[in-house]
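What follows is a set of notes on a single structure, which appears directly below.
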Amino acid sequence: MRLHDEIVPFHRSGIRGDEEYVEGDEEEEISSIEAGFLPPHHPCPLQRKLVVVGYALTSKKIKSFLQPKLEGLARNKGILFLAIDQNRPLSDQGPFDIVLHKLTGKEWRQILEDYRRTHPEVTVLDPPDAIQHLHNRQSMLQCVADMNLSNSYGKVDIPRQLVIKKDAASIPDTVTNAGLMLPIVAKPLVADGSAKSHELSIAYDQHSLKKLEPPLVLQEFVNHGGVLFKVYIVGEAIKVVRRFSLPDVCKRELSNIAGVFRFPRVSCAAASADDADLDPGVAELPPQPLLERLAKELRHRLGLRLFNLDIIREHGTRDQFYVIDINYFPGYGKMPEYEHIFTDFLLSLGQSQYKKRSS
Ligand SMILES: O=P(O)(O)O[C@@H]1[C@@H](OP(=O)(O)O)[C@H](OP(=O)(O)O)[C@H](O)[C@H](OP(=O)(O)O)[C@H]1OP(=O)(O)O
Ligand SMILES: Nc1ncnc2c1ncn2[C@@H]1O[C@H](COP(=O)(O)OP(=O)(O)O)[C@@H](O)[C@H]1O
Ligand SMILES: [Mg+2]
Ligand SMILES: [Mg+2]
């Protein structure tokens, strides 16, 4: 049986739309699903509609995200993950209720945009143009700056920053004129997931700034006690974890260091700091109501449902926070309980599609 002949997706109504997914847990089912075939149906009183999720992910992402626990839980909840074959038209596959993707390239973006236009009934997670907004480190943080979030729980801002498109020789003067303070964190303007886009540098003196290689975003380095918070967002769900980060730079130290220090993939190397013995003022998580407000606003402003943000607390303050990075479809494998959160999210999307269609 070919999958698309037999599986009736969640959104279809009518006689075939009333067919149900029957809960089962056999290993045999996984292999038939992976091969693109319909799992066998068994008589069972527990019957649900199937949510078919097509995925287009790198092999690294498949390994970290589509772990056996996630797939097993999904299967039990009536969610079927199907690999998308990039060499075949999307319309010939599935049919899908949801498309989950994180691949790069203009061609792929165009395929997804065309598919969204011709298949408005399918939820594409997330829209390519909204993701594209995060591929530039300036536009990435603009929404946070526009939001001006400040309430009794705290203030959320972005570090003072400027964009240097070209001409490294002019950087020292540009930085001085803009009033940016040293040390300066230099990040590639493009954040497209390539190794180069994660190459970070720190310049400790004005003279060395001309050694940097534009196009860049230059940000003031904010002391934050060497710990950052990763806020994972899946639809309306939020989870926060602590990670080790770059150590503080004190004024005395600054006057003794010169030069540019390069960090090839600093965030990737950072270990979890959740179980570390930390100064309580550094370790305290940002207030949940503040993060909820931030996440909700960002979801709307960015038009994204799957992302995380790196947020730091200015050392010595209780409530001054800075968002320094936002990532699309991050490493959810490191988010506690992601299997439950993700499958519930996919189910709720499937259900709201179904309700919309039957009303
Ligand atoms: O590989 P992982 O699991 O560390 O996930 C990476 C993320 O780590 P995090 O979830 O924040 O700890 C990582 O976050 P950072 O930028 O390192 O803060 C990125 O989201 C990265 O994607 P890309 O290279 O920017 O496209 C993510 O890489 P991909 O898994 O999407 O390739
Ligand atoms: N403005 C800043 N002040 C202090 N530390 C920073 C700042 N920006 C980045 N960092 C440190 O550098 C790391 C990588 O920067 P980030 O913007 O998150 O890039 P990436 O997309 O490669 O993760 C952060 O996790 C944090 O440790
Ligand atoms: Mg980061
Ligand atoms: Mg990033």
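Following the order of the structure tokens, chains are lettered A, B, ..., residues in each are numbered from 1, and ligands are numbered from 1.
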
From a DSSP pass on the backbone, collect the residues of stretch 67-313 of chain A flagged as helix (DSSP H, G or I) and hand them back as a PyMOL selection string. chain A and resi 68-77+90-92+106-118+128-135+137-147+168-178+196-198+207-211+251-256+266-269+280-283+288-302

Exercise answer, 9 Å around ligand 4 with only C-alpha atoms and all ligand atoms, as an mmCIF file with C-alpha atoms, in the first residue's frame:
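Once written, pocket_11.cif looks like this:
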```cif
data_model
loop_
_atom_site.group_PDB
_atom_site.id
_atom_site.type_symbol
_atom_site.label_atom_id
_atom_site.label_comp_id
_atom_site.auth_asym_id
_atom_site.auth_seq_id
_atom_site.Cartn_x
_atom_site.Cartn_y
_atom_site.Cartn_z
ATOM 1 C CA LEU A 134 16.563 35.811 11.146
ATOM 2 C CA ARG A 137 21.806 39.631 12.585
ATOM 3 C CA ALA A 191 23.429 34.161 10.127
ATOM 4 C CA ASP A 192 22.571 31.417 7.667
ATOM 5 C CA GLY A 193 23.741 28.456 9.749
ATOM 6 C CA SER A 197 28.178 32.671 10.241
ATOM 7 C CA HIS A 198 28.999 31.444 13.761
ATOM 8 C CA SER A 267 27.888 28.888 21.523
ATOM 9 C CA ASN A 308 14.846 30.073 20.579
ATOM 10 C CA LEU A 309 16.541 33.152 21.898
ATOM 11 C CA ASP A 310 19.753 33.762 23.808
ATOM 12 C CA ILE A 324 21.718 38.686 21.762
ATOM 13 C CA ASP A 325 20.619 35.963 19.328
ATOM 14 C CA ILE A 326 17.460 34.393 17.864
ATOM 15 C CA ASN A 327 17.577 31.025 16.068
ATOM 16 C CA TYR A 328 15.017 29.296 13.901
ATOM 17 C CA PRO A 330 17.119 25.308 17.208
#
```

Within 8 Å of A:Thr343, counting only C-alpha atoms, which residues qualify if same-chain residues fewer than 2 places away don't, as a PyMOL selection string? chain A and resi 70+73-74+77+79+339-341+345-347

Please produce a file of the residues just selected, as a tab-separated table (two decimals), in the first residue's frame, where the atoms kept are C-alpha atoms.
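Okay, out_31.tsv is ready:
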```
chain	number	residue	atom	x	y	z
A	70	LEU	CA	9.84	11.50	19.91
A	73	LEU	CA	5.36	9.27	21.43
A	74	ALA	CA	4.20	10.80	18.16
A	77	LYS	CA	-0.61	10.23	19.68
A	79	ILE	CA	1.25	11.74	14.46
A	339	GLU	CA	9.11	15.21	22.99
A	340	HIS	CA	5.88	15.91	24.90
A	341	ILE	CA	5.84	19.61	24.12
A	345	PHE	CA	2.00	21.28	19.64
A	346	LEU	CA	1.68	19.26	16.41
A	347	LEU	CA	-1.56	17.72	17.67
```

With distances taken over only C-alpha atoms, which residue among A:Ile257, A:Val53, A:Leu228, A:Ala283 lies nearest A:Glu71? A:Val53

All residues 12 Å or closer to A:Asp97, only C-alpha atoms, same chain fewer than 4 positions away omitted, as a PyMOL selection string: chain A and resi 7-12+49-55+79-82+91+93+116+119-125+346-354

Write out as a ChimeraX atom specification which residues come within 9 Å of A:Glu220 when counting only C-alpha atoms, dropping same-chain ones fewer than 2 positions away. /A:159-161,180-186,218,222

When DSSP works through the backbone of this structure, what residues of stretch 35-256 of chain A end up as strand (DSSP E), shown as a ChimeraX atom specification? /A:47-48,51-57,79-83,98-102,123-125,150-151,154-157,161-164,184-188,200-203,216-220,227-234,237-244

Extract, using only C-alpha atoms, all DNA, RNA and protein residues at most 8 Å from A:Ile233, discarding same-chain residues fewer than 2 positions from it, and format them as a list in words. Val231, Gly235, Glu236, Ala237, Ile238, Lys239, Ala295, Arg305, Leu306, Phe307 and Asn308 of chain A

Take the residues from that selection and put them in a file with all heavy atoms, as a compact mmCIF listing (two decimals), in the first residue's frame.
```txt
# COMPACT_ATOMS: atom_id res chain seq x y z
N VAL A 231 16.06 30.40 25.73
CA VAL A 231 14.61 30.30 25.87
C VAL A 231 14.09 29.61 24.61
O VAL A 231 14.14 30.17 23.52
CB VAL A 231 13.97 31.71 26.02
CG1 VAL A 231 12.47 31.58 26.24
CG2 VAL A 231 14.63 32.48 27.14
N GLY A 235 5.50 27.00 19.60
CA GLY A 235 4.14 27.55 19.67
C GLY A 235 4.00 28.39 20.93
O GLY A 235 4.75 29.35 21.11
N GLU A 236 3.08 27.99 21.80
CA GLU A 236 2.88 28.79 23.01
C GLU A 236 3.69 28.29 24.20
O GLU A 236 3.65 28.88 25.27
CB GLU A 236 1.39 28.83 23.36
CG GLU A 236 0.66 29.69 22.34
CD GLU A 236 -0.82 29.76 22.53
OE1 GLU A 236 -1.30 29.38 23.61
OE2 GLU A 236 -1.48 30.18 21.58
N ALA A 237 4.40 27.20 24.01
CA ALA A 237 5.18 26.64 25.12
C ALA A 237 6.58 27.27 25.18
O ALA A 237 7.18 27.59 24.15
CB ALA A 237 5.30 25.13 24.95
N ILE A 238 7.06 27.43 26.41
CA ILE A 238 8.38 28.03 26.63
C ILE A 238 9.17 27.17 27.63
O ILE A 238 8.61 26.71 28.62
CB ILE A 238 8.26 29.41 27.30
CG1 ILE A 238 7.39 30.36 26.50
CG2 ILE A 238 9.62 30.05 27.51
CD1 ILE A 238 7.24 31.72 27.18
N LYS A 239 10.45 26.98 27.36
CA LYS A 239 11.33 26.31 28.32
C LYS A 239 12.65 27.09 28.38
O LYS A 239 13.17 27.48 27.32
CB LYS A 239 11.66 24.88 27.88
CG LYS A 239 10.56 23.90 28.18
CD LYS A 239 10.77 23.30 29.56
CE LYS A 239 9.54 22.47 29.89
NZ LYS A 239 9.53 22.00 31.26
N ALA A 295 8.13 36.22 24.50
CA ALA A 295 7.91 35.15 23.52
C ALA A 295 6.64 35.41 22.71
O ALA A 295 6.63 35.23 21.48
CB ALA A 295 7.82 33.81 24.24
N ARG A 305 6.85 30.15 14.87
CA ARG A 305 6.40 29.35 16.02
C ARG A 305 7.50 28.48 16.61
O ARG A 305 7.38 27.96 17.70
CB ARG A 305 5.20 28.48 15.61
CG ARG A 305 3.92 29.28 15.63
CD ARG A 305 2.83 28.63 14.85
NE ARG A 305 3.07 28.78 13.42
CZ ARG A 305 2.14 28.55 12.51
NH1 ARG A 305 0.94 28.15 12.87
NH2 ARG A 305 2.41 28.71 11.24
N LEU A 306 8.57 28.30 15.83
CA LEU A 306 9.66 27.44 16.30
C LEU A 306 10.97 28.21 16.33
O LEU A 306 11.60 28.43 15.30
CB LEU A 306 9.83 26.25 15.34
CG LEU A 306 8.62 25.33 15.14
CD1 LEU A 306 8.96 24.24 14.13
CD2 LEU A 306 8.18 24.71 16.45
N PHE A 307 11.36 28.65 17.50
CA PHE A 307 12.63 29.38 17.60
C PHE A 307 13.12 29.39 19.05
O PHE A 307 12.39 29.00 19.95
CB PHE A 307 12.50 30.81 17.06
CG PHE A 307 11.47 31.68 17.75
CD1 PHE A 307 11.85 32.61 18.70
CD2 PHE A 307 10.13 31.57 17.45
CE1 PHE A 307 10.92 33.42 19.34
CE2 PHE A 307 9.18 32.37 18.08
CZ PHE A 307 9.57 33.30 19.03
N ASN A 308 14.38 29.80 19.22
CA ASN A 308 14.85 30.07 20.58
C ASN A 308 15.57 31.40 20.59
O ASN A 308 15.88 31.96 19.53
CB ASN A 308 15.68 28.93 21.17
CG ASN A 308 17.10 28.87 20.65
OD1 ASN A 308 17.50 29.64 19.78
ND2 ASN A 308 17.89 27.94 21.17
```

Would you pick out the contacts of A:Ile164 at 12 Å or less, using only C-alpha atoms, so that residues sharing its chain but fewer than 6 positions from it are not included, and give the list as an NGL selection string? :A and (137-138 or 170-175 or 178 or 186-190 or 209-210 or 212-219)

Measure the distance from atom CA of A:Glu253 to atom CA of A:Lys196 in Å and round it to one decimal.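 Atom-to-atom, atom CA of A:Glu253 to atom CA of A:Lys196, that is 28.5 Å.
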
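We find atom CA of A:Pro286 and atom CA of A:Ile312 to be spaced 8.8 Å apart.
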
At what distance in Å, to one decimal, does atom CA of A:Val163 lie from atom 21 (C, counted along the ligand's line) of ligand 1?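 We find that atom 21 (C, counted along the ligand's line) of ligand 1 and atom CA of A:Val163 lie 22.1 Å from each other.
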
Best match for closeness to ligand 3 among A:Phe221, A:Phe96, A:Phe229, A:Phe65, counting only C-alpha atoms and all ligand atoms: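 Looking at the shortest contact to ligand 3, the residue is A:Phe229.
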